[in-house]
>>> print(open('structure30.txt').read())   # compact mmCIF, C-alpha atoms
# COMPACT_ATOMS: atom_id res chain seq x y z
CA MET A 1 127.57 111.14 120.23
CA ILE A 2 124.08 110.93 118.78
CA TYR A 3 122.81 113.90 116.80
CA ASN A 4 119.36 112.91 115.67
CA ILE A 5 117.06 110.05 114.83
CA TYR A 6 114.49 109.67 112.06
CA ILE A 7 111.88 107.00 111.48
CA PHE A 8 110.21 106.95 108.10
CA ASN A 9 107.20 104.86 107.25
CA LYS A 10 106.63 103.14 103.93
CA ASP A 11 105.20 106.26 102.31
CA GLY A 12 108.14 108.44 103.22
CA LEU A 13 106.41 110.20 106.08
CA CYS A 14 108.69 110.97 108.99
CA VAL A 15 106.69 109.44 111.85
CA TYR A 16 109.25 110.16 114.51
CA TYR A 17 112.05 112.71 114.82
CA GLU A 18 114.17 113.64 117.76
CA GLU A 19 117.41 115.54 118.05
CA TRP A 20 120.10 115.73 120.70
CA ASN A 21 123.42 117.58 120.77
CA LYS A 22 122.77 119.22 117.45
CA ARG A 23 124.56 122.54 117.17
CA LYS A 24 123.29 123.71 113.84
CA GLN A 25 119.55 124.30 113.89
CA SER A 26 117.77 123.38 110.70
CA VAL A 27 115.80 126.06 108.91
CA ASN A 28 112.98 123.88 107.69
CA LEU A 29 112.66 120.51 109.40
CA ALA A 30 110.01 119.04 107.12
CA GLU A 31 112.09 119.96 104.08
CA ASP A 32 115.18 118.33 105.60
CA GLN A 33 113.27 115.13 106.23
CA LYS A 34 111.99 115.02 102.68
CA LEU A 35 115.48 115.63 101.37
CA LEU A 36 116.91 112.82 103.47
CA PHE A 37 114.24 110.41 102.33
CA GLY A 38 114.80 111.34 98.69
CA MET A 39 118.55 111.02 99.08
CA LEU A 40 118.22 107.56 100.61
CA TYR A 41 115.83 106.52 97.87
CA SER A 42 118.28 107.45 95.13
CA LEU A 43 121.23 106.12 97.10
CA LYS A 44 119.57 102.73 97.33
CA ALA A 45 118.94 102.74 93.59
CA PHE A 46 122.58 103.69 93.05
CA ILE A 47 123.77 100.92 95.36
CA SER A 48 121.94 98.22 93.49
CA THR A 49 123.02 99.45 90.04
CA SER A 50 126.67 100.03 90.91
CA SER A 51 127.25 96.85 92.87
CA PRO A 52 129.46 94.28 91.10
CA LYS A 53 127.42 91.47 92.63
CA PRO A 54 123.66 91.29 93.10
CA ILE A 55 122.79 93.18 96.27
CA ASP A 56 119.64 93.90 98.21
CA PRO A 57 119.90 97.58 99.16
CA LYS A 58 117.54 97.01 102.08
CA THR A 59 120.12 94.89 103.88
CA GLY A 60 123.25 95.81 101.95
CA PHE A 61 123.33 99.48 102.88
CA HIS A 62 124.63 99.92 106.42
CA CYS A 63 125.93 103.44 106.85
CA PHE A 64 127.86 106.28 105.28
CA LYS A 65 130.37 108.61 106.82
CA THR A 66 131.47 112.20 106.28
CA SER A 67 134.06 114.19 108.20
CA THR A 68 131.44 115.52 110.60
CA TYR A 69 128.82 112.81 110.93
CA LYS A 70 127.95 109.21 110.24
CA LEU A 71 124.53 108.03 109.08
CA HIS A 72 123.37 104.61 110.26
CA TYR A 73 120.59 102.99 108.35
CA TYR A 74 118.28 100.09 109.11
CA GLU A 75 115.30 99.12 107.01
CA THR A 76 112.76 96.53 108.04
CA LEU A 77 111.02 94.06 105.75
CA SER A 78 107.94 96.23 106.02
CA CYS A 79 109.93 99.18 104.61
CA ILE A 80 110.11 101.18 107.83
CA LYS A 81 113.39 103.08 107.81
CA PHE A 82 115.34 103.80 110.97
CA ILE A 83 118.04 106.41 110.54
CA ILE A 84 120.40 107.76 113.10
CA LEU A 85 123.06 110.44 112.72
CA THR A 86 126.08 110.27 115.00
CA ASP A 87 129.61 111.58 115.16
CA PRO A 88 131.95 109.83 112.70
CA ASN A 89 133.78 107.69 115.27
CA THR A 90 130.71 105.82 116.50
CA PRO A 91 130.76 102.08 115.84
CA ASP A 92 127.99 100.44 113.88
CA LEU A 93 124.56 101.06 115.41
CA ARG A 94 122.54 98.81 113.14
CA GLU A 95 121.98 96.30 115.91
CA ASP A 96 120.69 99.04 118.18
CA LEU A 97 118.32 100.26 115.53
CA LYS A 98 117.14 96.71 115.09
CA LYS A 99 116.57 96.49 118.84
CA ILE A 100 114.56 99.70 118.82
CA TYR A 101 112.43 98.27 116.07
CA SER A 102 111.79 94.86 117.59
CA SER A 103 111.55 95.68 121.27
CA ILE A 104 110.11 99.18 121.34
CA PHE A 105 108.53 100.02 118.01
CA VAL A 106 106.67 96.75 117.58
CA GLU A 107 105.67 96.51 121.23
CA TYR A 108 104.47 100.04 121.84
CA VAL A 109 103.56 101.38 118.42
CA VAL A 110 102.38 98.48 116.30
CA LYS A 111 100.64 96.75 119.18
CA ASN A 112 99.30 99.95 120.68
CA PRO A 113 95.52 99.99 120.33
CA ILE A 114 95.32 103.74 119.95
CA TYR A 115 98.02 104.01 117.29
CA GLN A 116 96.55 105.27 114.02
CA LEU A 117 98.35 104.13 110.90
CA LYS A 118 100.26 106.88 109.11
CA SER A 119 100.33 109.21 112.09
CA THR A 120 103.32 110.61 113.92
CA ILE A 121 104.37 108.89 117.13
CA LYS A 122 104.33 110.63 120.48
CA PHE A 123 103.47 107.75 122.84
CA TYR A 124 105.46 108.05 126.03
CA ALA A 125 106.08 104.30 126.18
CA PHE A 126 107.85 104.63 122.86
CA VAL A 127 109.57 107.98 123.31
CA ASN A 128 110.87 107.44 126.84
CA PRO A 129 112.93 104.26 126.32
CA ILE A 130 114.65 105.54 123.18
CA LYS A 131 116.86 108.05 124.96
CA PRO A 132 118.40 105.73 127.57
CA ASN A 133 118.95 103.22 124.80
CA PHE A 134 121.52 105.51 123.27
CA LYS A 135 122.77 107.27 126.39
CA GLN A 136 125.13 104.37 127.04
CA LYS A 137 126.70 104.88 123.65
CA THR A 138 127.23 108.61 123.93
CA MET B 1 93.65 83.86 68.06
CA SER B 2 90.25 85.52 68.19
CA ASP B 3 90.32 87.97 71.09
CA PRO B 4 87.10 89.97 70.59
CA SER B 5 84.65 87.11 70.90
CA THR B 6 82.17 85.49 73.28
CA PRO B 7 83.35 84.07 76.62
CA ASN B 8 82.91 80.54 75.37
CA ASN B 9 85.20 81.14 72.50
CA GLN B 10 87.73 82.83 74.73
CA MET B 11 87.87 79.84 76.99
CA GLY B 12 88.39 77.55 74.06
CA GLY B 13 91.13 79.77 72.76
CA PHE B 14 92.80 79.86 76.13
CA LYS B 15 92.92 76.10 76.35
CA SER B 16 94.32 75.60 72.90
CA ASN B 17 96.90 78.33 73.47
CA SER B 18 98.06 77.11 76.86
CA ALA B 19 100.44 74.59 75.40
CA GLY B 20 102.02 77.01 72.98
CA THR B 21 102.30 80.37 74.75
CA PRO B 22 104.99 80.74 77.40
CA HIS B 23 102.81 83.12 79.48
CA THR B 24 100.15 80.66 80.50
CA THR B 25 102.25 77.57 81.15
CA PRO B 26 104.26 78.86 84.12
CA LEU B 27 101.08 80.12 85.70
CA GLN B 28 99.50 76.71 85.49
CA THR B 29 102.49 74.66 86.55
CA GLY B 30 103.68 77.08 89.22
CA PRO B 31 101.09 76.39 91.91
CA LEU B 32 101.13 72.68 91.18
CA THR B 33 104.86 72.33 91.78
CA ALA B 34 104.62 74.48 94.85
CA LEU B 35 101.89 72.28 96.24
CA SER B 36 103.80 69.10 95.59
CA SER B 37 106.91 70.50 97.24
CA ILE B 38 104.92 71.47 100.32
CA SER B 39 103.36 68.05 100.62
CA ALA B 40 106.79 66.49 100.21
CA THR B 41 108.28 68.53 103.02
CA ASN B 42 105.24 67.93 105.15
CA SER B 43 105.40 64.17 105.04
CA PRO B 44 108.53 63.74 107.21
CA VAL B 45 107.19 66.34 109.60
CA SER B 46 103.88 64.58 110.12
CA GLY B 47 105.65 61.95 112.17
CA MET B 48 106.83 64.67 114.51
CA HIS B 49 103.32 65.99 114.71
CA ASN B 50 102.10 62.70 116.00
CA ASN B 51 104.72 62.78 118.71
CA LEU B 52 103.77 66.28 119.65
CA SER B 53 100.09 65.54 119.73
CA SER B 54 100.58 62.50 121.91
CA ASN B 55 102.62 64.61 124.32
CA ASN B 56 99.88 67.09 124.31
CA LEU B 57 97.22 64.55 125.06
CA GLN B 58 99.12 63.72 128.19
CA SER B 59 99.20 67.29 129.26
CA LEU B 60 95.50 67.54 128.55
CA ASP B 61 94.91 64.59 130.81
CA ASN B 62 96.76 66.49 133.49
CA ASN B 63 94.43 69.37 132.92
CA ASN B 64 91.45 67.13 133.34
CA ASN B 65 92.82 65.83 136.60
CA ARG B 66 93.26 69.35 137.65
CA PHE B 67 89.62 70.08 137.02
CA GLN B 68 88.48 67.13 139.06
CA GLN B 69 90.53 68.15 142.06
CA PRO B 70 89.62 71.71 142.84
CA GLN B 71 92.66 72.31 145.05
CA GLN B 72 95.05 71.62 142.24
CA TYR B 73 93.77 73.85 139.54
CA PHE B 74 95.30 76.81 141.33
CA GLN B 75 98.67 75.73 140.04
CA PRO B 76 99.93 77.96 137.25
CA GLN B 77 99.67 76.40 133.83
CA THR B 78 102.69 78.12 132.40
CA PRO B 79 105.31 75.39 132.99
CA THR B 80 103.50 73.00 130.66
CA GLN B 81 103.23 75.63 127.99
CA GLN B 82 106.78 76.89 128.00
CA PRO B 83 108.47 73.99 126.22
CA GLN B 84 106.00 74.28 123.37
CA GLN B 85 106.72 77.96 122.99
CA SER B 86 110.44 77.38 122.89
CA GLN B 87 109.93 74.87 120.13
CA MET B 88 108.19 77.47 118.09
CA GLN B 89 110.77 80.18 118.45
CA PRO B 90 113.35 78.95 115.95
CA SER B 91 110.78 78.86 113.19
CA VAL B 92 109.89 82.47 113.88
CA SER B 93 113.42 83.81 114.00
CA ASN B 94 114.57 81.90 110.96
CA ASN B 95 114.58 84.03 107.86
CA ASN B 96 115.03 81.17 105.46
CA LEU B 97 111.58 80.29 104.18
CA GLY B 98 112.69 76.90 102.90
CA SER B 99 113.68 75.71 106.33
CA LEU B 100 110.46 77.05 107.84
CA THR B 101 108.54 74.13 106.43
CA SER B 102 110.94 71.63 107.99
CA GLN B 103 110.24 73.07 111.45
CA PRO B 104 107.43 71.45 113.41
CA ILE B 105 104.33 73.40 112.54
CA PRO B 106 101.94 73.68 115.48
CA THR B 107 99.00 71.37 114.94
CA PRO B 108 95.46 72.03 116.12
CA GLN B 109 96.03 69.53 118.91
CA GLN B 110 98.58 71.86 120.46
CA ARG B 111 95.86 74.43 121.14
CA LEU B 112 98.09 77.37 120.45
CA ILE B 113 96.84 80.52 118.84
CA SER B 114 98.63 83.71 117.96
CA SER B 115 97.93 86.17 120.74
CA SER B 116 99.12 89.04 118.57
CA CYS B 117 96.63 88.08 115.92
CA PHE B 118 93.87 88.03 118.47
CA GLU B 119 94.93 91.34 119.95
CA PHE B 120 95.04 93.04 116.56
CA PHE B 121 91.60 91.66 115.84
CA TYR B 122 90.44 92.87 119.25
CA ILE B 123 91.74 96.37 118.54
CA GLU B 124 89.90 96.46 115.24
CA MET B 125 86.73 95.07 116.78
CA ILE B 126 86.68 97.85 119.35
CA ASP B 127 87.53 100.42 116.72
CA TYR B 128 84.63 99.17 114.61
CA ILE B 129 82.19 99.21 117.50
CA MET B 130 83.26 102.66 118.63
CA LYS B 131 82.81 104.02 115.12
CA SER B 132 79.46 102.34 114.55
CA SER B 133 77.95 103.57 117.82
CA SER B 134 76.43 106.96 118.37
CA ASP B 135 78.07 107.54 121.74
CA LYS B 136 80.33 105.90 124.27
CA THR B 137 77.63 104.45 126.49
CA GLN B 138 76.07 102.67 123.55
CA ALA B 139 79.46 101.28 122.50
CA HIS B 140 80.12 100.10 126.04
CA LYS B 141 76.74 98.39 126.12
CA LYS B 142 77.55 96.58 122.88
CA LEU B 143 80.96 95.47 124.14
CA ASP B 144 79.43 94.32 127.41
CA LYS B 145 76.86 92.26 125.50
CA LEU B 146 79.54 90.73 123.30
CA GLY B 147 81.63 89.83 126.33
CA TYR B 148 78.61 88.39 128.08
CA LYS B 149 77.90 86.01 125.22
CA VAL B 150 81.53 84.97 124.81
CA GLY B 151 81.98 84.46 128.56
CA HIS B 152 78.76 82.47 128.76
CA ARG B 153 79.90 80.03 126.08
CA LEU B 154 83.52 79.91 127.15
CA VAL B 155 82.80 78.97 130.72
CA GLU B 156 80.57 76.17 129.47
CA ARG B 157 83.50 74.85 127.49
CA LEU B 158 85.99 75.18 130.35
CA SER B 159 83.89 73.79 133.17
CA ASN B 160 82.41 70.70 131.53
CA GLU B 161 84.74 68.46 133.55
CA THR B 162 84.25 70.32 136.79
CA PRO B 163 81.75 69.25 139.45
CA LEU B 164 79.08 71.75 140.42
CA PHE B 165 80.08 74.59 142.70
CA PRO B 166 78.20 74.46 145.96
CA GLU B 167 79.29 77.95 146.93
CA LEU B 168 79.52 81.30 145.29
CA LEU B 169 83.15 81.71 146.30
CA ASP B 170 84.12 78.59 144.33
CA ALA B 171 82.58 80.03 141.19
CA VAL B 172 84.51 83.27 141.62
CA LYS B 173 87.69 81.31 142.30
CA PHE B 174 87.13 79.33 139.13
CA ILE B 175 86.94 82.59 137.21
CA CYS B 176 90.10 83.91 138.90
CA LYS B 177 92.12 80.80 138.15
CA VAL B 178 90.89 78.63 135.29
CA PHE B 179 88.84 81.11 133.33
CA TRP B 180 91.44 83.87 133.53
CA THR B 181 94.35 81.53 132.76
CA ASN B 182 92.62 80.31 129.65
CA ILE B 183 92.10 83.81 128.35
CA PHE B 184 95.17 85.69 129.58
CA LYS B 185 97.73 82.96 130.42
CA LYS B 186 97.83 84.26 133.99
CA THR B 187 95.64 84.23 137.06
CA ILE B 188 94.00 87.17 138.78
CA ASP B 189 96.55 88.73 141.15
CA GLY B 190 94.27 89.62 143.99
CA LEU B 191 90.83 88.58 145.19
CA LYS B 192 89.01 90.31 148.01
CA THR B 193 85.50 89.83 149.26
CA ASN B 194 83.23 91.20 151.97
CA HIS B 195 81.35 87.84 152.14
CA LYS B 196 78.14 89.69 151.30
CA GLY B 197 78.21 89.23 147.56
CA VAL B 198 80.89 91.73 146.59
CA PHE B 199 84.16 90.50 145.10
CA VAL B 200 87.08 92.66 144.05
CA LEU B 201 89.39 91.11 141.46
CA THR B 202 92.69 92.81 140.72
CA ASP B 203 94.75 92.10 137.63
CA SER B 204 97.96 94.09 137.95
CA LYS B 205 99.14 93.29 134.42
CA PHE B 206 96.04 93.33 132.30
CA GLN B 207 97.03 91.90 128.93
CA TRP B 208 94.87 94.11 126.74
CA LEU B 209 96.34 97.28 128.22
CA GLN B 210 99.95 96.08 128.15
CA HIS B 211 100.85 97.82 124.91
CA LEU B 212 98.64 100.81 125.33
CA SER B 213 100.44 104.09 125.57
CA PHE B 214 99.12 107.62 125.15
CA ASP B 215 100.73 110.71 123.74
CA ALA B 216 102.61 112.48 126.46
CA THR B 217 100.51 115.58 125.78
CA ALA B 218 97.15 113.86 125.39
CA ASN B 219 94.26 115.24 127.41
CA ASN B 220 91.89 112.33 126.99
CA LYS B 221 93.43 109.28 128.59
CA ASP B 222 90.34 107.11 128.71
CA CYS B 223 90.88 103.51 127.66
CA SER B 224 87.89 101.91 129.36
CA GLU B 225 86.57 100.53 126.06
CA TYR B 226 89.46 98.04 126.03
CA VAL B 227 88.36 96.60 129.39
CA GLN B 228 84.58 96.61 129.01
CA PHE B 229 84.68 93.36 127.02
CA ALA B 230 86.49 91.61 129.90
CA ALA B 231 83.88 92.85 132.35
CA GLY B 232 81.27 91.32 130.07
CA LEU B 233 83.21 88.06 130.03
CA ILE B 234 83.05 87.84 133.83
CA LYS B 235 79.37 88.71 133.81
CA GLY B 236 78.61 86.02 131.24
CA ALA B 237 80.62 83.42 133.10
CA MET B 238 78.93 84.20 136.41
CA SER B 239 75.48 84.11 134.84
CA ASN B 240 76.21 80.66 133.40
CA PHE B 241 77.04 79.51 136.91
CA GLY B 242 73.65 80.82 137.95
CA PHE B 243 74.70 84.02 139.67
CA LYS B 244 73.27 87.23 138.31
CA CYS B 245 75.67 90.05 138.93
CA ILE B 246 76.83 93.52 138.01
CA VAL B 247 80.47 93.92 137.03
CA SER B 248 82.13 97.29 137.19
CA PHE B 249 85.79 98.03 136.66
CA ASP B 250 88.40 100.62 137.33
CA ILE B 251 91.72 101.20 135.59
CA GLN B 252 94.52 102.17 137.91
CA GLN B 253 98.03 103.24 136.97
CA VAL B 254 99.32 101.85 133.71
CA SER B 255 97.81 98.42 133.26
CA THR B 256 96.20 97.53 136.57
CA CYS B 257 92.56 96.65 136.31
CA VAL B 258 90.21 96.22 139.24
CA PHE B 259 86.96 94.39 138.57
CA THR B 260 84.16 94.55 141.11
CA ILE B 261 81.52 91.83 141.03
CA LYS B 262 78.28 92.62 142.82
CA ILE B 263 75.92 89.67 143.14
CA GLU B 264 72.24 90.47 142.72
CA SER B 265 70.12 88.35 144.98
>>> encode(input="structure30.txt", output="C-alpha cells")
Amino acid sequence: MIYNIYIFNKDGLCVYYEEWNKRKQSVNLAEDQKLLFGMLYSLKAFISTSSPKPIDPKTGFHCFKTSTYKLHYYETLSCIKFIILTDPNTPDLREDLKKIYSSIFVEYVVKNPIYQLKSTIKFYAFVNPIKPNFKQKT
Amino acid sequence: MSDPSTPNNQMGGFKSNSAGTPHTTPLQTGPLTALSSISATNSPVSGMHNNLSSNNLQSLDNNNNRFQQPQQYFQPQTPTQQPQQSQMQPSVSNNNLGSLTSQPIPTPQQRLISSSCFEFFYIEMIDYIMKSSSDKTQAHKKLDKLGYKVGHRLVERLSNETPLFPELLDAVKFICKVFWTNIFKKTIDGLKTNHKGVFVLTDSKFQWLQHLSFDATANNKDCSEYVQFAAGLIKGAMSNFGFKCIVSFDIQQVSTCVFTIKIES
C-alpha cells in the first residue's frame, strides 16, 4: 500500500507531493517536507561516513523500514530525489521510481515547454499516469 | 616568489615555479594526458566511422533516387534510420564513461542531430521572443518571420535534386512528405483540398506539442506560439516554390495541428 510520494528538486524544494491511504493527517505539510529533506540529507552524510567501504550515498541508499512504513529512495544524477512511503511489506520500488523519472518526469516535465524551473508540478500529463503506475502494486 | 608585482613578472614567476610546485604541474599535464587518451581511443574507432559513412552514402543515394522519382518519395524514411538509432542506444544507456569512447560516435556524415537539444533550444527561443515582444501578436509576427526564412532556405536545400513542379498540388505534396519528414521524422497525416487554392494539412501528432501539458487547473490553455513557427516554415517553403500564400493553423485536442494553406493569386 502506498502512503505518499515526494519529489524534491536539487534545492530541496518539494516540487510534487501526493498522498493516498494516509490515515494520520499532517499538521503542517511544508514543515514535514522540510524535515524529510533534512533527515535524508543527514542520513546520506551518515551513510557515507559509517560505511566500511567507500560508498556513494546517491546509489547506495535504497530504503529504510520501520514497523509502520517503509521509505523508498531514488536519486538521479541531477540530484532530483524521488521518495515514496509504503507499508513495510512492500518489495523494493526503486525500479518503479526510476521508471517514473525516465518515462514520465523527463517526458512531461523536463521536456514540457511551459514548465518553469523551480516550480511545483501540476501538469495533468505528469500527475495522471503516476497513480495507475502504483495501483498495480497496492 | 614575488607575488605583488607586474603581470610580466608574475608570468615569469609562474613559469619558473611550474616545475617545482605540485599545484601547477597536474593542471598542465592533466589536459594533455586526457587529450592523448582520447585520440588513442579514437583511432581504432575511426575505421568503424569509415564503414558507417560509406553505408550512409548508399542510403543517401537512395534518397537522391527518391527525389528523382516523385512517386517514390512518399515512402516513409524511418526504416533506413532505425538501424542507426539502435546503434546509438548502447552508448546512451551505458554509465561507464570509459566505454563510451569505444562506442561508435555518430559522425557528421550520419546526419543525426539531437532532437531533444533542438526542442530545448526551440522552447528557449520562443520564451525569449515572447518576453522580448510587447504583446502576443507581435511575438507571433516575429515567429512567423523566423519560420518563413528558415522554411525558405530549407526547401532550397531539400529540393535541389527535384525537378520543377508543374502543378501546385505537387508542391504541397512535397511539403507534406519530404519537407515534413526532414523536420519531424514523419509525414503529414491528412491532406485535403478544394482544388481552388485551399489545402488543409493535418498532423495528428505534432512533435512540438508532444510533451506539452498544462496544469489541470489552468485557465489559459493557449499554446499557439509553439506552432506559429511551423506555419511560417510552410509559408516560406511555398513562397520559394513561387506560390504566395497565407497559412493559418488550429490546434485540436492534445497534439493535433491543422494547417490551412490559402494560395493568393
>>> closest_residue(input="structure30.txt", among="A:Lys53, A:Tyr17, A:Tyr73, A:Ser78", to="Asp32 in chain A", atoms="only C-alpha atoms")
A:Tyr17
>>> axis_aligned_box(input="structure30.txt", around="range 203-222 of chain B", padding_each_side="8 Å", output="JSON")
{"center_x": 96.5, "center_y": 103.7, "center_z": 130.8, "size_x": 28.3, "size_y": 39.7, "size_z": 30.2}
>>> interface_residues(input="structure30.txt", of="chain B", to="chain A", cutoff="8 Å", atoms="only C-alpha atoms", output="number ranges by chain")
B: 116, 119-120, 123, 211-216
>>> atom_distance(input="structure30.txt", atom1="CA of Phe37 in chain A", atom2="CA of Leu117 in chain A")
19.1 Å
>>> atom_distance(input="structure30.txt", atom1="CA of Phe249 in chain B", atom2="CA of Gln228 in chain B")
7.9 Å
>>> atom_distance(input="structure30.txt", atom1="CA of Thr86 in chain A", atom2="CA of Cys63 in chain A")
10.6 Å
